[in-house]
Amino acid sequence: MDSPLLSRPEIIWFIIGLALFLLELVLPGFVIFFFGVGAWVTALLCLIANPGLNLQVIVFAVTSVLSLLALRRMIQKRFFLARNDGLSDSVEDEFTGREAVAVGSFKPGETGKVDFKGTTWNAESEFYITDGQRVIIINKESFKLFVEPKNNQK
């Protein structure tokens, strides 16, 4: 029982492309998408002409790699990395510009403690910070917050 539908290469390439697009939704990296594009370009070629299997594989490989090289960065910038609200790239929105409270006093160059969202964090500041003083987080490196007094905002 050979199905005439599955014997048509354009349908097979279309199904492969669809499977690759769906797989992209599950796996991170935004690479598999372009192999789906290559499969659909090959399906279009098979619909228009009747290329041999070798040519189909070459068209699939070439269009996949070319679309990956040409479009990946542009699409990522447009859809995935377009959010830039003026904060440093290395710090998540969760920290930068948020308010914390000093737990104990500390001087410039010393490591002190601040309370942020119910957790005590190591902190440093270029200013003298007193116990209970409200501070603004200006940066984060690993498990250390860099803060400045709240009233010192520019």
# chains A, B, ... in the order shown; residues from 1 in each chain; ligands from 1
>>> residues_around(residues="Ile15 of chain A", least_positions_apart="3", cutoff="12 Å", atoms="only C-alpha atoms", output="PyMOL selection string")
chain A and resi 5-6+8-12+18-22+36-37+39-40+42-43
>>> residues_around(residues="Tyr128 of chain A", least_positions_apart="6", cutoff="7 Å", atoms="only C-alpha atoms", output="ChimeraX atom specification")
/A:106-108
>>> write_last_selection(atoms="N, CA and C atoms", output="mmCIF file, in the first residue's frame")
data_model
loop_
_atom_site.group_PDB
_atom_site.id
_atom_site.type_symbol
_atom_site.label_atom_id
_atom_site.label_comp_id
_atom_site.auth_asym_id
_atom_site.auth_seq_id
_atom_site.Cartn_x
_atom_site.Cartn_y
_atom_site.Cartn_z
ATOM 1 N N PHE A 106 28.480 50.577 55.746
ATOM 2 C CA PHE A 106 29.746 50.222 55.110
ATOM 3 C C PHE A 106 30.294 51.425 54.361
ATOM 4 N N LYS A 107 31.635 51.446 54.253
ATOM 5 C CA LYS A 107 32.356 52.562 53.643
ATOM 6 C C LYS A 107 32.722 52.219 52.204
ATOM 7 N N PRO A 108 33.131 53.228 51.433
ATOM 8 C CA PRO A 108 33.613 52.947 50.075
ATOM 9 C C PRO A 108 34.786 51.967 50.118
#
>>> atom_distance(atom1="atom CA of Leu55 of chain A", atom2="atom CA of Leu71 of chain A")
23.2 Å
>>> select_by_dssp(residues="segment 24-121 of chain A", states="helix (DSSP H, G or I)", output="MDAnalysis selection string")
chainID A and resid 24:26 32:48 53:80
>>> write_last_selection(atoms="N, CA and C atoms", output="short mmCIF file (atom, residue, chain, number, x, y, z; two decimals), in the first residue's frame")
data_model
loop_
_atom_site.label_atom_id
_atom_site.label_comp_id
_atom_site.auth_asym_id
_atom_site.auth_seq_id
_atom_site.Cartn_x
_atom_site.Cartn_y
_atom_site.Cartn_z
N GLU A 24 11.79 23.70 16.27
CA GLU A 24 12.40 24.96 16.71
C GLU A 24 11.68 25.54 17.93
N LEU A 25 10.39 25.30 18.02
CA LEU A 25 9.63 25.79 19.17
C LEU A 25 10.05 25.10 20.45
N VAL A 26 10.58 23.90 20.36
CA VAL A 26 10.94 23.11 21.53
C VAL A 26 12.41 23.28 21.91
N ILE A 32 17.44 25.67 13.88
CA ILE A 32 16.65 24.67 13.16
C ILE A 32 15.65 25.32 12.22
N PHE A 33 15.18 26.50 12.57
CA PHE A 33 14.25 27.26 11.75
C PHE A 33 14.74 27.39 10.31
N PHE A 34 16.03 27.65 10.14
CA PHE A 34 16.58 27.89 8.81
C PHE A 34 16.68 26.60 8.00
N PHE A 35 16.79 25.47 8.65
CA PHE A 35 16.73 24.20 7.93
C PHE A 35 15.30 23.93 7.48
N GLY A 36 14.33 24.41 8.24
CA GLY A 36 12.94 24.35 7.79
C GLY A 36 12.73 25.22 6.56
N VAL A 37 13.37 26.40 6.54
CA VAL A 37 13.30 27.27 5.36
C VAL A 37 13.91 26.55 4.17
N GLY A 38 15.04 25.91 4.36
CA GLY A 38 15.68 25.16 3.28
C GLY A 38 14.80 24.04 2.76
N ALA A 39 14.11 23.36 3.66
CA ALA A 39 13.21 22.28 3.24
C ALA A 39 12.05 22.84 2.43
N TRP A 40 11.50 23.98 2.83
CA TRP A 40 10.38 24.56 2.10
C TRP A 40 10.82 25.12 0.74
N VAL A 41 12.02 25.67 0.66
CA VAL A 41 12.53 26.12 -0.64
C VAL A 41 12.70 24.91 -1.56
N THR A 42 13.19 23.81 -1.01
CA THR A 42 13.33 22.58 -1.80
C THR A 42 11.97 22.06 -2.22
N ALA A 43 10.97 22.15 -1.36
CA ALA A 43 9.62 21.73 -1.71
C ALA A 43 9.08 22.59 -2.85
N LEU A 44 9.35 23.87 -2.81
CA LEU A 44 8.91 24.77 -3.88
C LEU A 44 9.59 24.42 -5.20
N LEU A 45 10.89 24.13 -5.14
CA LEU A 45 11.61 23.71 -6.33
C LEU A 45 11.01 22.42 -6.91
N CYS A 46 10.69 21.47 -6.04
CA CYS A 46 10.10 20.20 -6.50
C CYS A 46 8.71 20.42 -7.09
N LEU A 47 8.01 21.41 -6.61
CA LEU A 47 6.69 21.71 -7.13
C LEU A 47 6.78 22.33 -8.53
N ILE A 48 7.81 23.16 -8.75
CA ILE A 48 7.98 23.85 -10.02
C ILE A 48 8.65 22.95 -11.06
N LEU A 53 17.16 13.54 -6.77
CA LEU A 53 17.38 13.52 -5.33
C LEU A 53 18.67 14.26 -4.95
N ASN A 54 19.73 14.08 -5.73
CA ASN A 54 21.00 14.77 -5.42
C ASN A 54 20.84 16.28 -5.46
N LEU A 55 20.16 16.79 -6.48
CA LEU A 55 19.94 18.22 -6.58
C LEU A 55 19.05 18.72 -5.43
N GLN A 56 18.06 17.93 -5.04
CA GLN A 56 17.19 18.31 -3.93
C GLN A 56 18.00 18.47 -2.64
N VAL A 57 18.89 17.53 -2.38
CA VAL A 57 19.71 17.58 -1.16
C VAL A 57 20.67 18.78 -1.22
N ILE A 58 21.23 19.04 -2.39
CA ILE A 58 22.14 20.19 -2.53
C ILE A 58 21.38 21.50 -2.31
N VAL A 59 20.20 21.63 -2.92
CA VAL A 59 19.40 22.85 -2.73
C VAL A 59 19.02 23.02 -1.27
N PHE A 60 18.62 21.94 -0.62
CA PHE A 60 18.28 21.98 0.81
C PHE A 60 19.47 22.48 1.64
N ALA A 61 20.64 21.89 1.42
CA ALA A 61 21.82 22.24 2.21
C ALA A 61 22.24 23.69 1.95
N VAL A 62 22.29 24.07 0.70
CA VAL A 62 22.76 25.42 0.36
C VAL A 62 21.80 26.48 0.86
N THR A 63 20.50 26.31 0.62
CA THR A 63 19.54 27.33 1.08
C THR A 63 19.46 27.38 2.60
N SER A 64 19.62 26.25 3.26
CA SER A 64 19.60 26.25 4.73
C SER A 64 20.77 27.04 5.28
N VAL A 65 21.96 26.76 4.79
CA VAL A 65 23.16 27.43 5.30
C VAL A 65 23.16 28.91 4.93
N LEU A 66 22.79 29.22 3.69
CA LEU A 66 22.76 30.63 3.28
C LEU A 66 21.74 31.43 4.07
N SER A 67 20.56 30.87 4.27
CA SER A 67 19.55 31.60 5.06
C SER A 67 20.00 31.74 6.51
N LEU A 68 20.66 30.73 7.04
CA LEU A 68 21.19 30.81 8.40
C LEU A 68 22.21 31.92 8.51
N LEU A 69 23.16 31.96 7.59
CA LEU A 69 24.21 32.98 7.64
C LEU A 69 23.67 34.38 7.36
N ALA A 70 22.72 34.50 6.45
CA ALA A 70 22.25 35.82 6.03
C ALA A 70 21.18 36.40 6.94
N LEU A 71 20.33 35.56 7.48
CA LEU A 71 19.15 36.09 8.16
C LEU A 71 19.11 35.91 9.67
N ARG A 72 19.88 35.01 10.24
CA ARG A 72 19.76 34.70 11.67
C ARG A 72 19.96 35.93 12.54
N ARG A 73 21.05 36.63 12.34
CA ARG A 73 21.36 37.80 13.18
C ARG A 73 20.29 38.88 13.02
N MET A 74 19.85 39.10 11.77
CA MET A 74 18.85 40.14 11.52
C MET A 74 17.52 39.79 12.20
N ILE A 75 17.10 38.55 12.09
CA ILE A 75 15.83 38.15 12.69
C ILE A 75 15.93 38.17 14.21
N GLN A 76 17.06 37.72 14.76
CA GLN A 76 17.21 37.77 16.22
C GLN A 76 17.14 39.19 16.74
N LYS A 77 17.81 40.12 16.06
CA LYS A 77 17.77 41.52 16.50
C LYS A 77 16.35 42.07 16.42
N ARG A 78 15.67 41.72 15.37
CA ARG A 78 14.33 42.27 15.14
C ARG A 78 13.30 41.74 16.12
N PHE A 79 13.34 40.45 16.41
CA PHE A 79 12.28 39.83 17.21
C PHE A 79 12.69 39.45 18.63
N PHE A 80 13.95 39.07 18.83
CA PHE A 80 14.33 38.54 20.14
C PHE A 80 15.14 39.51 20.98
#
>>> atom_distance(atom1="atom CA of Gly29 of chain A", atom2="atom CA of Trp13 of chain A")
22.4 Å
>>> residues_around(residues="segment 115-125 of chain A", least_positions_apart="3", cutoff="7 Å", atoms="only C-alpha atoms", output="VMD selection string")
chain A and resid 100 to 103 108 to 112 143 to 148
>>> atom_distance(atom1="atom CA of Gly52 of chain A", atom2="atom CA of Phe14 of chain A")
16.5 Å
>>> select_by_dssp(residues="chain A", states="strand (DSSP E or B)", output="ChimeraX atom specification")
/A:99-102,106,112-116,119-125,129,134-141,144-149
>>> closest_residue(among="A:Pro51, A:Pro4, A:Gly97, A:Pro28", to="Asn139 of chain A", atoms="only C-alpha atoms")
A:Gly97
>>> residues_around(residues="Glu99 of chain A", least_positions_apart="5", cutoff="8 Å", atoms="only C-alpha atoms", output="compact mmCIF listing (two decimals) with N, CA and C atoms, in the first residue's frame")
# COMPACT_ATOMS: atom_id res chain seq x y z
N PHE A 116 17.38 43.01 49.39
CA PHE A 116 16.66 43.22 48.14
C PHE A 116 15.73 42.04 47.91
N ARG A 134 18.17 53.73 52.28
CA ARG A 134 17.66 53.24 50.99
C ARG A 134 18.70 53.53 49.91
N VAL A 135 18.98 52.49 49.11
CA VAL A 135 19.98 52.62 48.05
C VAL A 135 19.38 52.15 46.73
N ILE A 136 20.01 52.57 45.65
CA ILE A 136 19.59 52.16 44.31
C ILE A 136 20.69 51.26 43.73
N ILE A 137 20.29 50.15 43.16
CA ILE A 137 21.24 49.21 42.56
C ILE A 137 21.64 49.77 41.19
N LYS A 150 20.04 56.52 47.56
CA LYS A 150 18.86 56.85 46.77
C LYS A 150 18.81 58.32 46.39
